[in-house]
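Enquirer: This is target17.pdb, which holds PDB, C-alpha atoms:
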```pdb
ATOM      1  CA  MET A   1     121.936  90.389  77.968  1.00  0.00           C
ATOM      2  CA  VAL A   2     118.801  91.140  80.004  1.00  0.00           C
ATOM      3  CA  LYS A   3     116.546  88.699  81.837  1.00  0.00           C
ATOM      4  CA  TYR A   4     112.874  89.204  81.007  1.00  0.00           C
ATOM      5  CA  PHE A   5     109.887  88.165  83.117  1.00  0.00           C
ATOM      6  CA  CYS A   6     106.189  88.343  82.239  1.00  0.00           C
ATOM      7  CA  SER A   7     103.065  87.143  84.034  1.00  0.00           C
ATOM      8  CA  SER A   8      99.305  87.686  83.981  1.00  0.00           C
ATOM      9  CA  THR A   9      97.030  87.372  86.993  1.00  0.00           C
ATOM     10  CA  ASP A  10      93.278  87.660  87.468  1.00  0.00           C
ATOM     11  CA  ILE A  11      92.497  89.520  90.675  1.00  0.00           C
ATOM     12  CA  ARG A  12      89.018  88.587  91.892  1.00  0.00           C
ATOM     13  CA  SER A  13      88.099  92.136  92.857  1.00  0.00           C
ATOM     14  CA  ALA A  14      86.645  95.112  91.039  1.00  0.00           C
ATOM     15  CA  TRP A  15      89.102  97.538  89.475  1.00  0.00           C
ATOM     16  CA  ASP A  16      87.981 100.390  91.758  1.00  0.00           C
ATOM     17  CA  HIS A  17      88.756  98.300  94.846  1.00  0.00           C
ATOM     18  CA  VAL A  18      92.131  97.200  93.502  1.00  0.00           C
ATOM     19  CA  VAL A  19      93.194 100.767  92.694  1.00  0.00           C
ATOM     20  CA  SER A  20      92.076 102.003  96.127  1.00  0.00           C
ATOM     21  CA  ALA A  21      93.950  99.139  97.789  1.00  0.00           C
ATOM     22  CA  PHE A  22      97.057  99.865  95.699  1.00  0.00           C
ATOM     23  CA  TRP A  23      97.560 103.145  97.559  1.00  0.00           C
ATOM     24  CA  GLN A  24      97.004 101.465 100.927  1.00  0.00           C
ATOM     25  CA  ARG A  25      99.065  98.300 100.508  1.00  0.00           C
ATOM     26  CA  TYR A  26     101.884  99.353 102.889  1.00  0.00           C
ATOM     27  CA  PRO A  27     102.445  98.371 105.574  1.00  0.00           C
ATOM     28  CA  ASN A  28     101.355  94.754 105.310  1.00  0.00           C
ATOM     29  CA  PRO A  29     102.707  91.511 106.834  1.00  0.00           C
ATOM     30  CA  PHE A  30     103.998  90.290 103.457  1.00  0.00           C
ATOM     31  CA  SER A  31     106.123  93.362 102.674  1.00  0.00           C
ATOM     32  CA  THR A  32     108.040  94.042 105.869  1.00  0.00           C
ATOM     33  CA  HIS A  33     111.116  94.881 103.736  1.00  0.00           C
ATOM     34  CA  VAL A  34     109.396  98.123 102.621  1.00  0.00           C
ATOM     35  CA  LEU A  35     110.581 100.717 105.119  1.00  0.00           C
ATOM     36  CA  THR A  36     109.214 104.032 103.815  1.00  0.00           C
ATOM     37  CA  GLU A  37     107.047 105.492 101.052  1.00  0.00           C
ATOM     38  CA  ASP A  38     106.811 109.163 100.114  1.00  0.00           C
ATOM     39  CA  VAL A  39     104.845 110.995  97.440  1.00  0.00           C
ATOM     40  CA  VAL A  40     107.272 113.152  95.456  1.00  0.00           C
ATOM     41  CA  TYR A  41     104.874 114.464  92.816  1.00  0.00           C
ATOM     42  CA  ARG A  42     101.155 114.270  92.028  1.00  0.00           C
ATOM     43  CA  GLU A  43      99.025 115.852  89.328  1.00  0.00           C
ATOM     44  CA  VAL A  44      95.578 115.460  87.783  1.00  0.00           C
ATOM     45  CA  THR A  45      95.785 116.102  84.041  1.00  0.00           C
ATOM     46  CA  ALA A  46      93.233 117.845  81.834  1.00  0.00           C
ATOM     47  CA  ASP A  47      91.973 114.438  80.652  1.00  0.00           C
ATOM     48  CA  HIS A  48      91.400 113.378  84.309  1.00  0.00           C
ATOM     49  CA  ARG A  49      94.366 111.020  84.635  1.00  0.00           C
ATOM     50  CA  LEU A  50      96.176 110.916  87.989  1.00  0.00           C
ATOM     51  CA  LEU A  51      99.968 111.014  87.658  1.00  0.00           C
ATOM     52  CA  SER A  52     102.034 110.146  90.723  1.00  0.00           C
ATOM     53  CA  ARG A  53     105.676 109.651  91.577  1.00  0.00           C
ATOM     54  CA  ARG A  54     106.610 107.959  94.828  1.00  0.00           C
ATOM     55  CA  LEU A  55     109.922 107.141  96.450  1.00  0.00           C
ATOM     56  CA  LEU A  56     110.164 103.891  98.395  1.00  0.00           C
ATOM     57  CA  MET A  57     112.998 102.594 100.522  1.00  0.00           C
ATOM     58  CA  LYS A  58     113.431  98.854 100.961  1.00  0.00           C
ATOM     59  CA  THR A  59     115.932  96.644 102.709  1.00  0.00           C
ATOM     60  CA  ASN A  60     118.171  94.618 100.438  1.00  0.00           C
ATOM     61  CA  ARG A  61     119.438  91.431 102.006  1.00  0.00           C
ATOM     62  CA  LEU A  62     122.261  90.076  99.856  1.00  0.00           C
ATOM     63  CA  PRO A  63     123.530  86.518  99.483  1.00  0.00           C
ATOM     64  CA  ARG A  64     127.071  85.979 100.748  1.00  0.00           C
ATOM     65  CA  TRP A  65     128.575  85.748  97.281  1.00  0.00           C
ATOM     66  CA  ALA A  66     127.251  89.246  96.448  1.00  0.00           C
ATOM     67  CA  GLU A  67     128.999  90.868  99.424  1.00  0.00           C
ATOM     68  CA  ARG A  68     132.292  90.960  97.509  1.00  0.00           C
ATOM     69  CA  PHE A  69     130.815  93.465  95.051  1.00  0.00           C
ATOM     70  CA  PHE A  70     129.770  95.903  97.773  1.00  0.00           C
ATOM     71  CA  PRO A  71     132.214  98.317  99.425  1.00  0.00           C
ATOM     72  CA  SER A  72     132.070  97.862 103.191  1.00  0.00           C
ATOM     73  CA  GLY A  73     130.561 101.317 103.790  1.00  0.00           C
ATOM     74  CA  MET A  74     127.871 101.109 101.104  1.00  0.00           C
ATOM     75  CA  ALA A  75     124.240 101.277 102.245  1.00  0.00           C
ATOM     76  CA  ARG A  76     122.276  98.069 101.993  1.00  0.00           C
ATOM     77  CA  SER A  77     118.947  99.851 101.513  1.00  0.00           C
ATOM     78  CA  VAL A  78     117.541 100.236  98.015  1.00  0.00           C
ATOM     79  CA  TYR A  79     115.675 103.313  96.803  1.00  0.00           C
ATOM     80  CA  ILE A  80     112.866 102.635  94.345  1.00  0.00           C
ATOM     81  CA  ILE A  81     111.142 105.205  92.164  1.00  0.00           C
ATOM     82  CA  GLU A  82     107.548 104.396  91.255  1.00  0.00           C
ATOM     83  CA  ASP A  83     105.702 106.315  88.531  1.00  0.00           C
ATOM     84  CA  SER A  84     102.009 105.586  88.085  1.00  0.00           C
ATOM     85  CA  ILE A  85      99.147 106.628  85.831  1.00  0.00           C
ATOM     86  CA  VAL A  86      95.526 106.111  86.859  1.00  0.00           C
ATOM     87  CA  ASP A  87      93.205 106.401  83.852  1.00  0.00           C
ATOM     88  CA  PRO A  88      89.588 106.353  85.103  1.00  0.00           C
ATOM     89  CA  VAL A  89      88.163 106.640  81.574  1.00  0.00           C
ATOM     90  CA  ASN A  90      89.867 103.478  80.290  1.00  0.00           C
ATOM     91  CA  ARG A  91      89.861 102.022  83.827  1.00  0.00           C
ATOM     92  CA  SER A  92      93.541 101.199  83.972  1.00  0.00           C
ATOM     93  CA  LEU A  93      96.410 101.730  86.394  1.00  0.00           C
ATOM     94  CA  THR A  94      99.914 101.561  84.936  1.00  0.00           C
ATOM     95  CA  THR A  95     103.014 101.598  87.116  1.00  0.00           C
ATOM     96  CA  TYR A  96     106.716 101.822  86.269  1.00  0.00           C
ATOM     97  CA  THR A  97     109.349 101.106  88.923  1.00  0.00           C
ATOM     98  CA  CYS A  98     113.137 100.916  88.983  1.00  0.00           C
ATOM     99  CA  ASN A  99     115.901 100.984  91.565  1.00  0.00           C
ATOM    100  CA  LEU A 100     117.889 104.214  91.865  1.00  0.00           C
ATOM    101  CA  ASN A 101     121.002 102.864  93.597  1.00  0.00           C
ATOM    102  CA  HIS A 102     123.125  99.698  93.252  1.00  0.00           C
ATOM    103  CA  THR A 103     122.336  99.762  89.519  1.00  0.00           C
ATOM    104  CA  THR A 104     125.807  98.508  88.548  1.00  0.00           C
ATOM    105  CA  LEU A 105     125.282  95.359  90.586  1.00  0.00           C
ATOM    106  CA  MET A 106     121.687  94.908  89.422  1.00  0.00           C
ATOM    107  CA  SER A 107     119.046  97.001  87.724  1.00  0.00           C
ATOM    108  CA  VAL A 108     115.400  95.922  87.952  1.00  0.00           C
ATOM    109  CA  GLU A 109     112.772  97.692  85.866  1.00  0.00           C
ATOM    110  CA  GLU A 110     109.137  96.688  86.236  1.00  0.00           C
ATOM    111  CA  ARG A 111     105.930  97.610  84.430  1.00  0.00           C
ATOM    112  CA  CYS A 112     102.498  96.654  85.762  1.00  0.00           C
ATOM    113  CA  VAL A 113      99.115  97.252  84.134  1.00  0.00           C
ATOM    114  CA  PHE A 114      95.948  96.782  86.204  1.00  0.00           C
ATOM    115  CA  GLN A 115      93.068  96.706  83.713  1.00  0.00           C
ATOM    116  CA  ASP A 116      89.345  96.359  84.293  1.00  0.00           C
ATOM    117  CA  SER A 117      88.319  93.025  82.765  1.00  0.00           C
ATOM    118  CA  ALA A 118      85.584  93.300  80.128  1.00  0.00           C
ATOM    119  CA  GLU A 119      85.229  89.510  79.873  1.00  0.00           C
ATOM    120  CA  GLN A 120      84.912  88.909  83.625  1.00  0.00           C
ATOM    121  CA  PRO A 121      82.942  91.648  85.430  1.00  0.00           C
ATOM    122  CA  GLY A 122      84.229  92.346  88.938  1.00  0.00           C
ATOM    123  CA  THR A 123      87.699  91.091  87.996  1.00  0.00           C
ATOM    124  CA  THR A 124      90.945  93.031  87.417  1.00  0.00           C
ATOM    125  CA  LEU A 125      93.594  91.744  85.033  1.00  0.00           C
ATOM    126  CA  LEU A 126      97.181  92.393  86.122  1.00  0.00           C
ATOM    127  CA  LYS A 127      99.964  92.095  83.563  1.00  0.00           C
ATOM    128  CA  ARG A 128     103.442  92.324  85.075  1.00  0.00           C
ATOM    129  CA  GLU A 129     106.726  92.649  83.142  1.00  0.00           C
ATOM    130  CA  ALA A 130     110.278  92.980  84.451  1.00  0.00           C
ATOM    131  CA  TRP A 131     113.722  93.493  82.952  1.00  0.00           C
ATOM    132  CA  ILE A 132     116.744  92.516  85.050  1.00  0.00           C
ATOM    133  CA  SER A 133     120.311  93.422  84.101  1.00  0.00           C
ATOM    134  CA  SER A 134     123.762  93.642  85.686  1.00  0.00           C
ATOM    135  CA  GLY A 135     126.887  95.600  84.847  1.00  0.00           C
ATOM    136  CA  ILE A 136     129.337  93.319  86.702  1.00  0.00           C
ATOM    137  CA  TYR A 137     131.646  91.990  84.013  1.00  0.00           C
ATOM    138  CA  GLY A 138     132.035  88.231  84.116  1.00  0.00           C
ATOM    139  CA  PHE A 139     129.308  87.753  86.744  1.00  0.00           C
ATOM    140  CA  SER A 140     126.304  89.356  85.070  1.00  0.00           C
ATOM    141  CA  LYS A 141     124.620  86.068  84.139  1.00  0.00           C
ATOM    142  CA  PRO A 142     124.507  84.514  87.660  1.00  0.00           C
ATOM    143  CA  ILE A 143     123.550  87.894  89.127  1.00  0.00           C
ATOM    144  CA  GLN A 144     120.668  88.178  86.668  1.00  0.00           C
ATOM    145  CA  GLU A 145     119.581  84.614  87.471  1.00  0.00           C
ATOM    146  CA  PHE A 146     119.610  85.468  91.169  1.00  0.00           C
ATOM    147  CA  GLY A 147     117.704  88.697  90.476  1.00  0.00           C
ATOM    148  CA  LEU A 148     115.056  86.853  88.466  1.00  0.00           C
ATOM    149  CA  ALA A 149     114.564  84.237  91.198  1.00  0.00           C
ATOM    150  CA  ARG A 150     114.269  86.948  93.858  1.00  0.00           C
ATOM    151  CA  PHE A 151     111.891  88.962  91.702  1.00  0.00           C
ATOM    152  CA  LYS A 152     109.592  85.956  91.273  1.00  0.00           C
ATOM    153  CA  SER A 153     109.599  85.373  95.019  1.00  0.00           C
ATOM    154  CA  ASN A 154     108.954  89.050  95.767  1.00  0.00           C
ATOM    155  CA  GLN A 155     106.123  89.362  93.283  1.00  0.00           C
ATOM    156  CA  VAL A 156     104.307  86.490  95.000  1.00  0.00           C
ATOM    157  CA  LYS A 157     104.637  88.417  98.276  1.00  0.00           C
ATOM    158  CA  ALA A 158     103.557  91.610  96.520  1.00  0.00           C
ATOM    159  CA  MET A 159     100.365  89.915  95.320  1.00  0.00           C
ATOM    160  CA  LYS A 160      99.629  88.640  98.821  1.00  0.00           C
ATOM    161  CA  GLY A 161     100.202  92.156 100.160  1.00  0.00           C
ATOM    162  CA  LEU A 162      97.812  93.653  97.606  1.00  0.00           C
ATOM    163  CA  GLU A 163      95.183  90.992  98.345  1.00  0.00           C
ATOM    164  CA  TYR A 164      95.617  91.768 102.054  1.00  0.00           C
ATOM    165  CA  ALA A 165      94.980  95.477 101.357  1.00  0.00           C
ATOM    166  CA  VAL A 166      91.932  94.658  99.182  1.00  0.00           C
ATOM    167  CA  SER A 167      90.559  92.418 101.923  1.00  0.00           C
ATOM    168  CA  ASN A 168      91.062  95.136 104.549  1.00  0.00           C
ATOM    169  CA  LEU A 169      89.394  97.693 102.291  1.00  0.00           C
ATOM    170  CA  GLN A 170      86.386  95.448 101.671  1.00  0.00           C
ATOM    171  CA  GLY A 171      86.212  94.629 105.378  1.00  0.00           C
ATOM    172  CA  THR A 172      86.189  98.323 106.256  1.00  0.00           C
ATOM    173  CA  SER A 173      83.543  98.964 103.628  1.00  0.00           C
ATOM    174  CA  ALA A 174      81.391  96.121 104.978  1.00  0.00           C
ATOM    175  CA  SER A 175      81.723  97.334 108.570  1.00  0.00           C
ATOM    176  CA  GLN A 176      80.816 100.882 107.514  1.00  0.00           C
ATOM    177  CA  LYS A 177      77.698  99.592 105.735  1.00  0.00           C
ATOM    178  CA  SER A 178      76.787  97.502 108.769  1.00  0.00           C
ATOM    179  CA  GLU A 179      77.246 100.490 111.067  1.00  0.00           C
ATOM    180  CA  ALA A 180      75.100 102.653 108.790  1.00  0.00           C
ATOM    181  CA  LEU A 181      72.349 100.007 108.769  1.00  0.00           C
ATOM    182  CA  MET A 182      72.475  99.759 112.567  1.00  0.00           C
ATOM    183  CA  LYS A 183      72.172 103.540 112.867  1.00  0.00           C
ATOM    184  CA  ARG A 184      69.151 103.521 110.559  1.00  0.00           C
ATOM    185  CA  GLY A 185      67.647 100.678 112.566  1.00  0.00           C
ATOM    186  CA  ARG A 186      68.148 102.521 115.852  1.00  0.00           C
ATOM    187  CA  ALA A 187      66.644 105.669 114.337  1.00  0.00           C
ATOM    188  CA  ALA A 188      63.646 103.702 113.069  1.00  0.00           C
ATOM    189  CA  LEU A 189      63.148 102.086 116.478  1.00  0.00           C
ATOM    190  CA  ALA A 190      63.417 105.447 118.199  1.00  0.00           C
ATOM    191  CA  GLY A 191      60.862 106.870 115.763  1.00  0.00           C
ATOM    192  CA  SER A 192      58.401 104.010 116.247  1.00  0.00           C
ATOM    193  CA  SER A 193      58.838 104.282 120.027  1.00  0.00           C
ATOM    194  CA  ALA A 194      58.042 107.978 119.857  1.00  0.00           C
ATOM    195  CA  VAL A 195      54.915 107.220 117.821  1.00  0.00           C
ATOM    196  CA  ARG A 196      53.788 104.630 120.374  1.00  0.00           C
ATOM    197  CA  GLN A 197      54.317 107.129 123.182  1.00  0.00           C
ATOM    198  CA  ILE A 198      52.233 109.745 121.352  1.00  0.00           C
ATOM    199  CA  VAL A 199      49.449 107.235 120.743  1.00  0.00           C
ATOM    200  CA  LEU A 200      49.502 106.082 124.353  1.00  0.00           C
ATOM    201  CA  CYS A 201      49.274 109.639 125.594  1.00  0.00           C
TER
END
```
Could you render the structure as structure tokens?
Expert:
Amino acid sequence: MVKYFCSSTDIRSAWDHVVSAFWQRYPNPFSTHVLTEDVVYREVTADHRLLSRRLLMKTNRLPRWAERFFPSGMARSVYIIEDSIVDPVNRSLTTYTCNLNHTTLMSVEERCVFQDSAEQPGTTLLKREAWISSGIYGFSKPIQEFGLARFKSNQVKAMKGLEYAVSNLQGTSASQKSEALMKRGRAALAGSSAVRQIVLC
């Protein structure tokens, strides 16, 4: 038996901004449990798709009842593999993630699709799916229930983290535009001043 989760969210930002923010979402104040992220593989295909594989390490705080299933010397950190495909032609970003260790206790597989919305310009549709399973005989059902509850909580934090990254990206973009405008203004003033000086002379 596997627990299944599915949700759809409208992100009120253009697809380009969301994809750019996706790569810059760590660190953020909503995902302090993410300790490291490393690019393992990256390739641009002949049809211009960007394929990436990243390895993330996260802390894994367990409830007390789950401690009995862990040997005392076992690491509490979880390693996550994240495969992603950016398709600029169809304007979609698809990600697949799963945990590499502690899979007997709980395995969480997730698929996310960030798609440019044709119906709502400037909006990105996110469809998220997850499959949660456990190999602990006799306890798999409560473990899956716990995993589903934690996943729901974490995906709320993940959305806040992504929105934080989008906001930072837009803020940076706005400040860069403002700085460029100020530079142009200063240049224009300097030019007009020079003209006045020439006329006065």
Enquirer: Care to translate the PyMOL selection byres ((chain A and resi 30) around 10) into actual residues of this file, as a ChimeraX atom specification?
Expert: /A:25-29,31-34,154,156-162,164
Enquirer: Env of stretch 43-45 of chain A: 12 Å cut, atoms = all atoms listed in the file, seq-sep filter 4 positions within chain, self excluded. Answer as a PDB file with C-alpha atoms, keeping the file's coordinate frame.
Expert:
```pdb
ATOM      1  CA  VAL A  39     104.845 110.995  97.440  1.00  0.00           C
ATOM      2  CA  ARG A  49      94.366 111.020  84.635  1.00  0.00           C
ATOM      3  CA  LEU A  50      96.176 110.916  87.989  1.00  0.00           C
ATOM      4  CA  LEU A  51      99.968 111.014  87.658  1.00  0.00           C
ATOM      5  CA  SER A  52     102.034 110.146  90.723  1.00  0.00           C
ATOM      6  CA  ARG A  53     105.676 109.651  91.577  1.00  0.00           C
ATOM      7  CA  ASP A  83     105.702 106.315  88.531  1.00  0.00           C
ATOM      8  CA  SER A  84     102.009 105.586  88.085  1.00  0.00           C
ATOM      9  CA  ILE A  85      99.147 106.628  85.831  1.00  0.00           C
ATOM     10  CA  VAL A  86      95.526 106.111  86.859  1.00  0.00           C
ATOM     11  CA  ASP A  87      93.205 106.401  83.852  1.00  0.00           C
ATOM     12  CA  PRO A  88      89.588 106.353  85.103  1.00  0.00           C
TER      13      PRO A  88
END
```
Enquirer: When you draw a straight line from atom CA of A:Asp47 to atom CA of A:Thr95, how long is it in Å?
Expert: 18.1 Å
Enquirer: I want to know what sits within 10 Å of stretch 144-149 of chain A, based on all atoms listed in the file, with residues of the same chain fewer than 3 positions away left out; could you give that as a PDB file with C-alpha atoms, in the coordinates of the input?
Expert:
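Wrote part-v2.pdb, looks like this:
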```pdb
ATOM      1  CA  MET A   1     121.936  90.389  77.968  1.00  0.00           C
ATOM      2  CA  VAL A   2     118.801  91.140  80.004  1.00  0.00           C
ATOM      3  CA  LYS A   3     116.546  88.699  81.837  1.00  0.00           C
ATOM      4  CA  TYR A   4     112.874  89.204  81.007  1.00  0.00           C
ATOM      5  CA  PHE A   5     109.887  88.165  83.117  1.00  0.00           C
ATOM      6  CA  PRO A  63     123.530  86.518  99.483  1.00  0.00           C
ATOM      7  CA  LEU A 105     125.282  95.359  90.586  1.00  0.00           C
ATOM      8  CA  MET A 106     121.687  94.908  89.422  1.00  0.00           C
ATOM      9  CA  SER A 107     119.046  97.001  87.724  1.00  0.00           C
ATOM     10  CA  VAL A 108     115.400  95.922  87.952  1.00  0.00           C
ATOM     11  CA  ALA A 130     110.278  92.980  84.451  1.00  0.00           C
ATOM     12  CA  TRP A 131     113.722  93.493  82.952  1.00  0.00           C
ATOM     13  CA  ILE A 132     116.744  92.516  85.050  1.00  0.00           C
ATOM     14  CA  SER A 133     120.311  93.422  84.101  1.00  0.00           C
ATOM     15  CA  SER A 134     123.762  93.642  85.686  1.00  0.00           C
ATOM     16  CA  GLY A 135     126.887  95.600  84.847  1.00  0.00           C
ATOM     17  CA  PHE A 139     129.308  87.753  86.744  1.00  0.00           C
ATOM     18  CA  SER A 140     126.304  89.356  85.070  1.00  0.00           C
ATOM     19  CA  LYS A 141     124.620  86.068  84.139  1.00  0.00           C
ATOM     20  CA  LYS A 152     109.592  85.956  91.273  1.00  0.00           C
ATOM     21  CA  SER A 153     109.599  85.373  95.019  1.00  0.00           C
ATOM     22  CA  ASN A 154     108.954  89.050  95.767  1.00  0.00           C
TER      23      ASN A 154
END
```
Enquirer: Work out how far apart atom CA of A:Thr59 and atom CA of A:Glu82 are and give it in Å to one decimal.
Expert: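 A separation of 16.2 Å between them.
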Enquirer: Using atom CA of A:Arg64 and atom CA of A:Tyr79 as the two end points, give the distance in Å to one decimal.
Expert: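 Distance between the two atoms: 21.1 Å.
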Enquirer: For A:Thr36, please output as a count of residues only all residues within 8 Å (counting only C-alpha atoms; exclusion window: fewer than 4 positions along the same chain).
Expert: 3
Enquirer: Under the rule that only C-alpha atoms are counted, which of A:Phe151, A:Cys6, A:Gln120, A:Phe22 is the nearest residue to A:Thr94?
Expert: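 Closest to A:Thr94 of all the choices is A:Phe22.
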Enquirer: Please determine an axis-aligned box that encloses all atoms of stretch 130-140 of chain A listed in the file, with 5 Å added on each side, and express its centre and edge lengths in Å to one decimal as lines of an AutoDock Vina configuration file.
Expert:
```
center_x = 121.2
center_y = 91.7
center_z = 84.8
size_x = 31.8
size_y = 17.8
size_z = 13.8
```
Enquirer: Can you tell me which residues surround A:Ser13 at a distance of at most 8 Å, considering all atoms listed in the file, apart from same-chain residues fewer than 4 positions away, and format the answer as JSON, numbers by chain?
Expert: {"A": [17, 18, 122, 123, 124, 166]}
Enquirer: Determine the residue membership of the PyMOL selection byres ((chain A and resi 128) around 9) for the file above and supply it as a PyMOL selection string.
Expert: chain A and resi 5-9+110-114+126-127+129-130
Enquirer: So, counting all atoms listed in the file, which residue among A:Leu55, A:Ala21, A:Ala46, A:Ala118 is closest to A:Tyr96?
Expert: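 Using all atoms listed in the file, A:Tyr96 sits closest to A:Leu55.
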